[in-house]
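Visitor: Next comes the structure file run-v7.cif, holding mmCIF, C-alpha atoms (C1' of nucleotides).
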data_final
#
loop_
_atom_site.label_atom_id
_atom_site.label_comp_id
_atom_site.auth_asym_id
_atom_site.auth_seq_id
_atom_site.Cartn_x
_atom_site.Cartn_y
_atom_site.Cartn_z
CA MET A 241 323.24 16.44 -36.05
CA ALA A 242 324.87 16.24 -32.70
CA MET A 243 322.13 16.14 -30.13
CA SER A 244 324.02 16.38 -26.91
CA THR A 245 325.96 19.53 -27.55
CA TRP A 246 325.63 22.73 -25.63
CA THR A 247 324.85 25.33 -28.25
CA ASP A 248 324.48 28.97 -27.31
CA GLU A 249 320.72 28.58 -27.56
CA ARG A 250 320.69 25.65 -25.17
CA ILE A 251 322.96 27.42 -22.73
CA GLU A 252 320.62 30.40 -22.77
CA GLU A 253 317.66 28.12 -22.14
CA LEU A 254 319.55 26.41 -19.36
CA LYS A 255 320.35 29.70 -17.68
CA ARG A 256 316.78 30.91 -18.03
CA LEU A 257 315.20 27.78 -16.57
CA TRP A 258 317.79 27.54 -13.80
CA SER A 259 317.22 31.17 -12.85
CA GLU A 260 313.51 30.40 -12.59
CA SER A 261 314.28 27.93 -9.80
CA LEU A 262 313.48 24.89 -11.89
CA THR A 263 315.16 21.75 -10.64
CA GLY A 264 317.87 19.97 -12.54
CA SER A 265 315.50 17.13 -13.37
CA GLU A 266 312.82 19.45 -14.70
CA ILE A 267 315.33 21.30 -16.85
CA ALA A 268 316.68 18.02 -18.15
CA LYS A 269 313.20 16.93 -19.19
CA ARG A 270 312.50 20.22 -20.95
CA LEU A 271 315.78 20.00 -22.81
CA GLY A 272 315.20 16.40 -23.76
CA LEU A 273 318.10 15.11 -21.73
CA LYS A 274 318.06 11.71 -20.05
CA ASP A 275 318.71 12.97 -16.53
CA ARG A 276 319.93 15.93 -14.53
CA ASN A 277 323.59 14.96 -14.69
CA ALA A 278 324.29 16.85 -17.87
CA VAL A 279 322.35 19.85 -16.57
CA MET A 280 324.11 19.99 -13.24
CA GLY A 281 327.46 19.37 -14.84
CA LYS A 282 326.98 22.30 -17.16
CA ILE A 283 325.65 24.48 -14.37
CA HIS A 284 328.73 23.85 -12.32
CA ARG A 285 331.01 24.31 -15.32
CA LEU A 286 329.45 27.67 -16.09
CA GLY A 287 330.19 28.75 -12.54
CA LEU A 288 326.50 28.94 -11.70
CA ALA A 289 325.96 27.93 -8.12
CA ARG A 290 322.32 28.46 -7.23
CA LYS A 291 323.12 28.65 -3.58
CA ASN A 292 326.35 28.12 -1.75
CA PHE A 293 324.65 26.45 1.18
CA ALA A 294 326.03 22.99 0.48
CA THR A 295 323.23 20.78 -0.79
CA GLU A 296 320.21 22.10 1.07
CA VAL A 297 318.61 23.89 -1.83
CA GLN A 298 315.03 22.90 -1.32
CA ALA A 299 313.58 26.34 -0.56
CA PRO A 300 314.29 29.08 -3.12
CA ALA A 301 315.29 31.88 -0.79
CA ASN A 302 312.15 33.04 0.94
CA ASP A 303 311.86 36.04 3.20
CA SER A 304 310.84 34.35 6.42
CA LYS A 305 312.02 30.92 7.33
CA PRO A 306 311.87 30.53 11.11
CA ALA A 307 314.04 27.46 11.39
CA GLU A 308 314.73 28.09 15.06
CA PRO A 309 312.77 30.99 16.55
CA GLU A 310 314.38 32.76 19.49
CA GLU A 311 311.24 32.60 21.53
CA PRO A 312 307.98 30.66 21.28
CA LEU A 313 305.66 32.35 18.85
CA HIS A 314 302.08 31.54 18.06
CA PRO A 315 302.69 28.89 15.40
CA ILE A 316 299.52 29.58 13.52
CA LEU A 317 300.60 33.14 12.87
CA LEU A 318 303.72 31.97 11.12
CA LEU A 319 301.91 29.65 8.77
CA LYS A 320 301.55 30.81 5.23
CA GLU A 321 300.06 29.00 2.28
CA TRP A 322 303.51 27.79 1.32
CA SER A 323 304.50 26.79 4.83
CA CYS A 324 305.33 23.23 5.66
CA ARG A 325 302.89 21.98 8.31
CA PHE A 326 305.27 19.52 9.83
CA PRO A 327 305.13 19.85 13.62
CA VAL A 328 308.37 20.37 15.47
CA GLY A 329 308.75 19.76 19.17
CA ASP A 330 306.20 18.92 21.83
CA PRO A 331 302.75 20.06 20.67
CA LEU A 332 301.91 20.90 24.29
CA GLY A 333 305.22 22.59 24.98
CA ARG A 334 306.12 26.24 24.70
CA GLU A 335 308.58 25.72 21.89
CA PHE A 336 306.22 23.93 19.61
CA ARG A 337 306.22 25.26 16.08
CA PHE A 338 305.91 24.18 12.51
CA CYS A 339 308.65 23.58 10.02
CA CYS A 340 307.47 26.51 7.87
CA ALA A 341 309.83 25.66 5.04
CA LYS A 342 308.44 26.01 1.53
CA ARG A 343 306.03 23.15 1.15
CA GLN A 344 305.49 20.92 -1.85
CA PRO A 345 302.67 21.89 -4.21
CA GLY A 346 299.77 19.62 -3.33
CA LEU A 347 301.35 18.47 -0.12
CA PRO A 348 301.13 19.93 3.38
CA TYR A 349 304.84 19.39 3.95
CA CYS A 350 308.14 20.28 2.42
CA GLU A 351 309.89 17.56 0.45
CA ALA A 352 311.98 16.21 3.29
CA HIS A 353 309.12 16.14 5.81
CA ALA A 354 306.63 14.72 3.34
CA ARG A 355 308.95 11.80 2.88
CA ILE A 356 309.61 11.02 6.52
CA ALA A 357 305.97 11.61 7.37
CA TYR A 358 304.44 9.30 4.83
CA THR A 359 306.97 6.52 4.40
CA PRO A 360 306.50 4.82 7.81
CA MET A 361 302.73 5.02 7.44
CA GLU A 362 302.83 3.29 4.08
CA ARG A 363 305.05 0.57 5.46
CA SER A 364 302.79 0.06 8.46
CA ALA A 365 299.71 -0.01 6.27
CA ARG A 366 301.23 -2.63 4.02
CA ALA A 367 302.39 -4.73 6.95
CA ALA A 368 298.98 -4.51 8.64
CA ARG A 369 297.13 -5.39 5.46
CA ARG A 370 299.12 -8.44 4.44
"C1'" DC B 279 313.18 4.77 -1.70
"C1'" DC B 280 312.06 9.08 -3.44
"C1'" DC B 281 314.17 13.48 -4.30
"C1'" DT B 282 317.64 17.71 -4.38
"C1'" DG B 283 322.18 20.07 -5.91
"C1'" DA B 284 327.54 19.37 -5.81
"C1'" DT B 285 331.50 17.10 -6.98
"C1'" DT B 286 334.55 13.78 -9.03
"C1'" DC B 287 336.74 11.65 -12.71
"C1'" DG B 288 337.28 8.84 -17.07
"C1'" DC B 289 336.37 9.91 -21.51
"C1'" DG C 1 334.17 20.21 -22.18
"C1'" DC C 2 331.10 16.51 -21.38
"C1'" DG C 3 328.21 13.67 -18.38
"C1'" DA C 4 327.79 9.07 -15.66
"C1'" DA C 5 328.77 7.95 -11.27
"C1'" DT C 6 329.15 9.26 -6.95
"C1'" DC C 7 328.72 12.17 -2.86
"C1'" DA C 8 326.12 14.62 0.70
"C1'" DG C 9 321.97 15.84 2.35
"C1'" DG C 10 316.56 15.96 3.18
#
Please rewrite the model in this file as structure tokens.
Guide:
Amino acid sequence: MAMSTWTDERIEELKRLWSESLTGSEIAKRLGLKDRNAVMGKIHRLGLARKNFATEVQAPANDSKPAEPEEPLHPILLLKEWSCRFPVGDPLGREFRFCCAKRQPGLPYCEAHARIAYTPMERSARAARR
DNA sequence: CCCTGATTCGC
DNA sequence: GCGAATCAGG
């Protein structure tokens, strides 16, 4: 039987998983596909665009996302369980805040900040260890 | 270098 | 129509 064909059942599954905010890679794994290329290709072909905001689709549409607050707010009050803890600005300044984007499960930061926060440390640690 | 979705383009 | 490769971003 042809494995890599989009049957109605598979398209339904694709739509369901995609609507549940699963990533292309996760959907590909569940469908037994090698990577997300087939998934994303089909998504685009079906006219399903999760979000039209270019490629920044890391946070699945949350209510509050204070990317740039008008005025300095008490940062701790904005932090939720899902909030990225990445500090933005001068910690002693008035405009200090946290990223507050949806953080990664098991990590204190969102995906982007987790990466930039940890990568230099790992490199330094390896260099120092030698 | 890891990841994300979006798009292109040969098949 | 399909998806590998590529693009653009974090």
Visitor: As number ranges by chain, please: the residues near DC281 in chain B (cut-off 10 Å, all atoms listed in the file, same-chain neighbours under 6 positions excluded).
Guide: A: 265, 298, 351-352, 355; C: 10
Visitor: Could you save those same residues with C-alpha atoms (C1' of nucleotides) as a PDB file, keeping the file's coordinate frame?
Guide:
ATOM      1  CA  SER A 265     315.500  17.130 -13.370  1.00  0.00           C
ATOM      2  CA  GLN A 298     315.030  22.900  -1.320  1.00  0.00           C
ATOM      3  CA  GLU A 351     309.890  17.560   0.450  1.00  0.00           C
ATOM      4  CA  ALA A 352     311.980  16.210   3.290  1.00  0.00           C
ATOM      5  CA  ARG A 355     308.950  11.800   2.880  1.00  0.00           C
TER       6      ARG A 355
ATOM      7  C1'  DG C  10     316.560  15.960   3.180  1.00  0.00           C
TER       8       DG C  10
END
Visitor: So that all listed atoms of range 349-352 of chain A fit with 5 Å spare on each side, what axis-aligned box centre and edge lengths in Å, to one decimal, would you give as AutoDock Vina command-line options?
Guide:
--center_x 308.4 --center_y 18.2 --center_z 2.2 --size_x 17.1 --size_y 14.1 --size_z 13.5
Visitor: Kindly give the distance, in Å, that separates CA of Leu257 in chain A and CA of Gly281 in chain A, rounded to a single decimal.
Guide: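 Separation between CA of Leu257 in chain A and CA of Gly281 in chain A: 15.0 Å.
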Visitor: Let me make sure I understand: among A:Ala268, A:Val279, A:Ile251, A:Ala341, which one has the smallest atom-to-atom distance to chain C if we use only C-alpha atoms (C1' of nucleotides)?
Guide: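 The closest residue to chain C is A:Val279.
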Visitor: Suppose you want the space between CA of Arg276 in chain A and CA of Gly264 in chain A; what is it in Å?
Guide: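 Separation of CA of Arg276 in chain A and CA of Gly264 in chain A: 5.0 Å.
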Visitor: Evaluate the PyMOL selection byres ((chain C and resi 2-7) around 10) against this structure - the residues, as a PyMOL selection string, please.
Guide: (chain A and resi 244-246+275-282+285) or (chain B and resi 284-289) or (chain C and resi 1+8-9)
Visitor: Identify which of the residues A:Leu347, A:Leu271, A:Leu288, A:Glu253 lies closest to chain B, counting all atoms listed in the file when measuring atom-to-atom distances.
Guide: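 Closest residue, counting all atoms listed in the file: A:Leu288.
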Visitor: Which one is closest to chain B: A:Ala289, A:Lys269, A:Asp248, A:Gly329? Count only C-alpha atoms (C1' of nucleotides).
Guide: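 Using only C-alpha atoms (C1' of nucleotides), chain B sits closest to A:Ala289.
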Visitor: Can you list, as a list in words, every protein, DNA or RNA residue that comes within 10 Å of His353 in chain A when you count all atoms listed in the file, leaving out same-chain residues fewer than 3 positions away?
Guide: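 The contact residues come out as Cys324, Arg325, Phe326, Pro327, Cys339, Ala341, Arg343, Gln344, Pro348, Tyr349, Cys350, Ile356, Ala357, Tyr358 and Thr359 of chain A; DG10 of chain C.
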Visitor: Which of these residues is nearest to chain C, using all atoms listed in the file: A:Glu252, A:Gly333, A:Leu286, A:Val328?
Guide: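 Checking each candidate against chain C, we get A:Leu286 as the closest.
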Visitor: Give me, please, the distance in Å between CA of Lys274 in chain A and CA of Ser259 in chain A, quoted to one decimal.
Guide: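 Computing the Euclidean distance for CA of Lys274 in chain A and CA of Ser259 in chain A yields 20.8 Å.
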